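Reviewing the structure listed below.
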Amino acid sequence: MSADIPESMPHGTETSPAVQQQPAESGARRAVSRRDFLKKTGLLAAGILTPAVALEVIFGLKGAGAAQAEGLATAAKTTPHWQFLVDTNKCVGCGFCVKACKLENEIPYTLNASRTWVERHVITKDGESHVDSPHAGQYGFTEPEIDLGEGKTLAIAPEDISKAFFVPKLCNQCNHPPCVQVCPVGATYKSPDGVVLVDRKWCIGCGYCVNACPYGARFFHPKYHTAEKCTFCEHRISKGLKPACVQACAFGARQIGDQNDPADPVAEVVATRRVEVLKAEFGTDPQCFYLGMDAEVR
Amino acid sequence: MRGWLRRNHWWRPLAVVLVVLALLLTFRSLYIPSDFGIHGSFTYNLYRANNLTEWQSVTVKYQGREFCGSCHDKNYKSIMAGPHSVIQCENCHGPGIGHPDTVKKLTPGNSQQLCWRCHVYLPYDGSGRSVLPGIEPGGPHAPLGEECYTCHNPHAPQLLPGAQTEEGGS
Amino acid sequence: MVHGEIWTIKELWVLPNEYIIWAIQIVMYPFMTGLVAGSFVLSSLYHVFGIKKLEGIARFALVFSFALLPGALIPLLLHLQHPERSINVMMTPHFTSAIAAFGIVFSCYFAIVAAEIWFLYRRHFIDHSRYLQSLGKDRTFGQRVLQLVHTILTLGSFETSEESMRKDHKAIKLLASAGIPVALFLHGYAGFIFGSVKANALWLTPLMPVIFIVSAVVSGISLCLLSYIIVSEVRSRRGRRRLGKGKLKGAAPSVDISVIKMTSKFLLIFLATAVSLELLDLVFRGYTALNSWRILKDALYVRDFRNIFILQYGLGAFVPLVMLLLPRLTLRRTVVATLLVLWGVLMMRYNVVIGGQSFSQTFAGYMHYKLPVIPYDVERLKEGLVGALIVFSFPMLLFYIYSKVFPVFPRQPHSPD
């Protein structure tokens, strides 16, 4: 996988000698005093180098354009582009997916945060929407009462319900991830297979990505103290396995597919059926697609 | 030269700044890992390339039912014959990592809590829950504290021979 | 416990991972940078525009601004989950992030202020170094250290000719004018950090950087006005005491009320602008009533009503506005008004930072912030009341130390008092 990452072209280093040469030539042609010339060269070099090369040499932004073109070409040919498909019609709210996710990805089981979660939406006949996700749904939904937080619950009579369903959620692995855009150090990124990952050795823990995610997919890992998020089980899908939540789902409510594989049945559903994404208005281009979505779900 | 320096003392703060900058850049060249760079677009693909390998080498914990079936042939066949064939062994037994070497036994937890995940009745017609047989916890069918497996075999959930049926419910 | 859980109370439908993760230190950060920018602008009013009446406060404001700079840095370090990696912001800046420029802008600003101070105090360093040298072998250890410090601070140049002094003045003027846009940028972009978060319905507005800059100037002017009054009063009292009760005429002059009146007029203009901009933002949100308004109206008008309309706009803007507008402005009234304005700006930062995170992205739930008061553990210490007080008091301590090396009021260069 790492062999597919193109070597970046250090064209920044080529620029600097050229820049320095120019004033040297013009300086030789004109008869200028040596001191004066040195001073001016220094100034000019500093003036030109600072804005232009500063970005490339000083901050190591090596050959963005060239690498980008190359990277896109190889990515399209060989690497997968993962997509997730959630069928809310099939979800029963058992929460085995959340349990599997937490154990598979070493998130402390009792932590009040999770890479994935299941929501219960109950819409009553008066048009009110009642939603909860106690413990991210990891113990399943075994109570008919809605959890209101602060230890309060709300009982809803069955005859008052106009519709009710479960919605599994996880990181949308957006094609335009706002969380990646706002990371100040390059510690979170879109990997070649489309999964957004966090570098636990580089993250400074500022929390900008956590606030920038419109889906609430991120939190801080209590052990590593770095931003934590769903990876589509990168360690499993890169070995040909299914993500832990997909494997744990007994009802096929969670599925994963490869957009770049023409024979992939899940990608085919995404491509040919009417699917929805969450919060499309943010322009994030989410890669989790939903069947049976409702306007009440945010 | 001495004279120039004397007369142009006002370059000195700039010299200090340049020295600090040079030190910073030297430090930087040693500090940044060689695999850190732009691997695609600057906006979305600025990262340390080895991190991808680090994520891919995380240990897999959930092994899948085929792994279980390779030893527990009888149990595997019993669950695959009934309606619970859709449920992965590890959902109830826990992840198979380390079994059987370090983790000797994979015992499922409290059966009521496991069964209730799917089988507590919830009046949600639009969801998959409505097509599953549902019970009321603490009701006559499922007294609290009573393990479900006293009457039902989780692998083949039809009533066990000899178990009493009450109202003929689920 | 997940980070943020300590001080977050959830109510109704809040997503499982949502917590208030930008807490009190992120309130302190824009507040402190605002003070930095504001006091620098005030000192530049004298150095660039030559407003003579501000001569007495100009050096004071500059050194104060320099001392406040760490106040902009420490909250971020206390907030970061990995402060030891903070250097990454300078090493691998990802410029699509508004935070990435912080290291560079901050360093630039630091260099500009430090250089300006150097030019301003160069003569003092040289004179003092020579004076301490002239004491010979009888110097105490402290004096030897001070001499070394002053000699290093001269950067090896003992040039004190008429021409070099003229050049110093030119350099000060240049740096003071270059510093204004950098100071404003340093602060305006703090507003950009918030205003550009599209996931947050309250923060997302292009007005945010403007509001932040204007309120920064408000807080900066207030702080300088306040400290100018306090320091001048203390000095004049001390002077009176030293000279004895009979010789009041030779004492240091008391506060010049005309300076106060003029500065408070500037303060009024900026305060009115700040409040108008913020109200404009509120009116627009209510009128356009986008999806998020259903939660915003409840968050702003019901849940945070006390914080926003009473503590921020009422006590922090309306009351001081009236106090400053009433005729026959007195010193005491000005002191109270500036304190209230500072309070109002702090509350504005609080209501933006905490208020923006006090409702869920589902628009159907709320989060309440509980400031950790007693530091049971490191997290409660760093991001609690104690941490905030450290951030606020550290610059004051630093200012005291700085004022030993950079005398903030003009005095006889050699007077060994």
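Going through the structure tokens in order, the chains are called A, B, and so on, while each chain numbers its residues from 1 and the ligands are numbered from 1 in the order shown.
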**OP:** Can you pull out every residue within 8 Å of C:Leu207, counting only C-alpha atoms, but drop anything in the same chain fewer than 2 positions away, and send it as a list in words?
**Re:**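 In the requested form, the answer reads Gly195, Thr205, Pro209, Val210, Ile211, Leu277 and Asp281 of chain C.
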Selection export as a PDB file, in the first residue's frame, atoms kept: N, CA and C atoms:
ATOM      1  N   GLY C 195     -14.943  31.764  13.028  1.00  0.00           N
ATOM      2  CA  GLY C 195     -15.886  32.109  11.965  1.00  0.00           C
ATOM      3  C   GLY C 195     -15.888  31.141  10.801  1.00  0.00           C
ATOM      4  N   THR C 205     -19.829  32.849  10.623  1.00  0.00           N
ATOM      5  CA  THR C 205     -20.217  34.132  10.068  1.00  0.00           C
ATOM      6  C   THR C 205     -18.960  34.904   9.679  1.00  0.00           C
ATOM      7  N   PRO C 209     -14.301  37.684  12.377  1.00  0.00           N
ATOM      8  CA  PRO C 209     -12.994  38.347  12.533  1.00  0.00           C
ATOM      9  C   PRO C 209     -13.139  39.840  12.825  1.00  0.00           C
ATOM     10  N   VAL C 210     -14.119  40.486  12.180  1.00  0.00           N
ATOM     11  CA  VAL C 210     -14.308  41.921  12.390  1.00  0.00           C
ATOM     12  C   VAL C 210     -14.738  42.201  13.826  1.00  0.00           C
ATOM     13  N   ILE C 211     -15.711  41.396  14.280  1.00  0.00           N
ATOM     14  CA  ILE C 211     -16.181  41.561  15.655  1.00  0.00           C
ATOM     15  C   ILE C 211     -15.030  41.372  16.630  1.00  0.00           C
ATOM     16  N   LEU C 277     -22.193  45.613  15.624  1.00  0.00           N
ATOM     17  CA  LEU C 277     -21.872  44.469  14.770  1.00  0.00           C
ATOM     18  C   LEU C 277     -22.455  43.180  15.339  1.00  0.00           C
ATOM     19  N   ASP C 281     -25.424  40.792  13.718  1.00  0.00           N
ATOM     20  CA  ASP C 281     -25.302  39.349  13.532  1.00  0.00           C
ATOM     21  C   ASP C 281     -26.525  38.630  14.100  1.00  0.00           C
TER      22      ASP C 281
END
**OP:** Identify all chain C residues at most 8 Å from chain A by counting only C-alpha atoms; ligands do not count. Present them as a PyMOL selection string.
**Re:** chain C and resi 1-3+9-18+21-22+79-86+88-89+91-100+197-200+361-362
**OP:** Please identify every residue of chain B that has at least one atom no more than 12 Å from any atom of chain C, counting only C-alpha atoms, and report them as number ranges by chain.
**Re:** B: 2-18, 20-21, 24-33, 36-38, 41-48
**OP:** Give me, please, the distance in Å between atom CA of A:Arg254 and atom CA of A:Gly95, quoted to one decimal.
**Re:** 11.8 Å
Subject >> Interface list for chain B, partner chain A, 8 Å threshold, only C-alpha atoms, as a PyMOL selection string >> reply: chain B and resi 25+37-53+55-62+64+86-88+90-91+95+113+116-118+120+122-130
Original post:
From the list C:Lys265, C:Arg166, C:Arg122, C:Lys297, which residue is nearest C:Val405 when using only C-alpha atoms?
Top reply: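 Looking at the shortest contact to C:Val405, the residue is C:Arg122.
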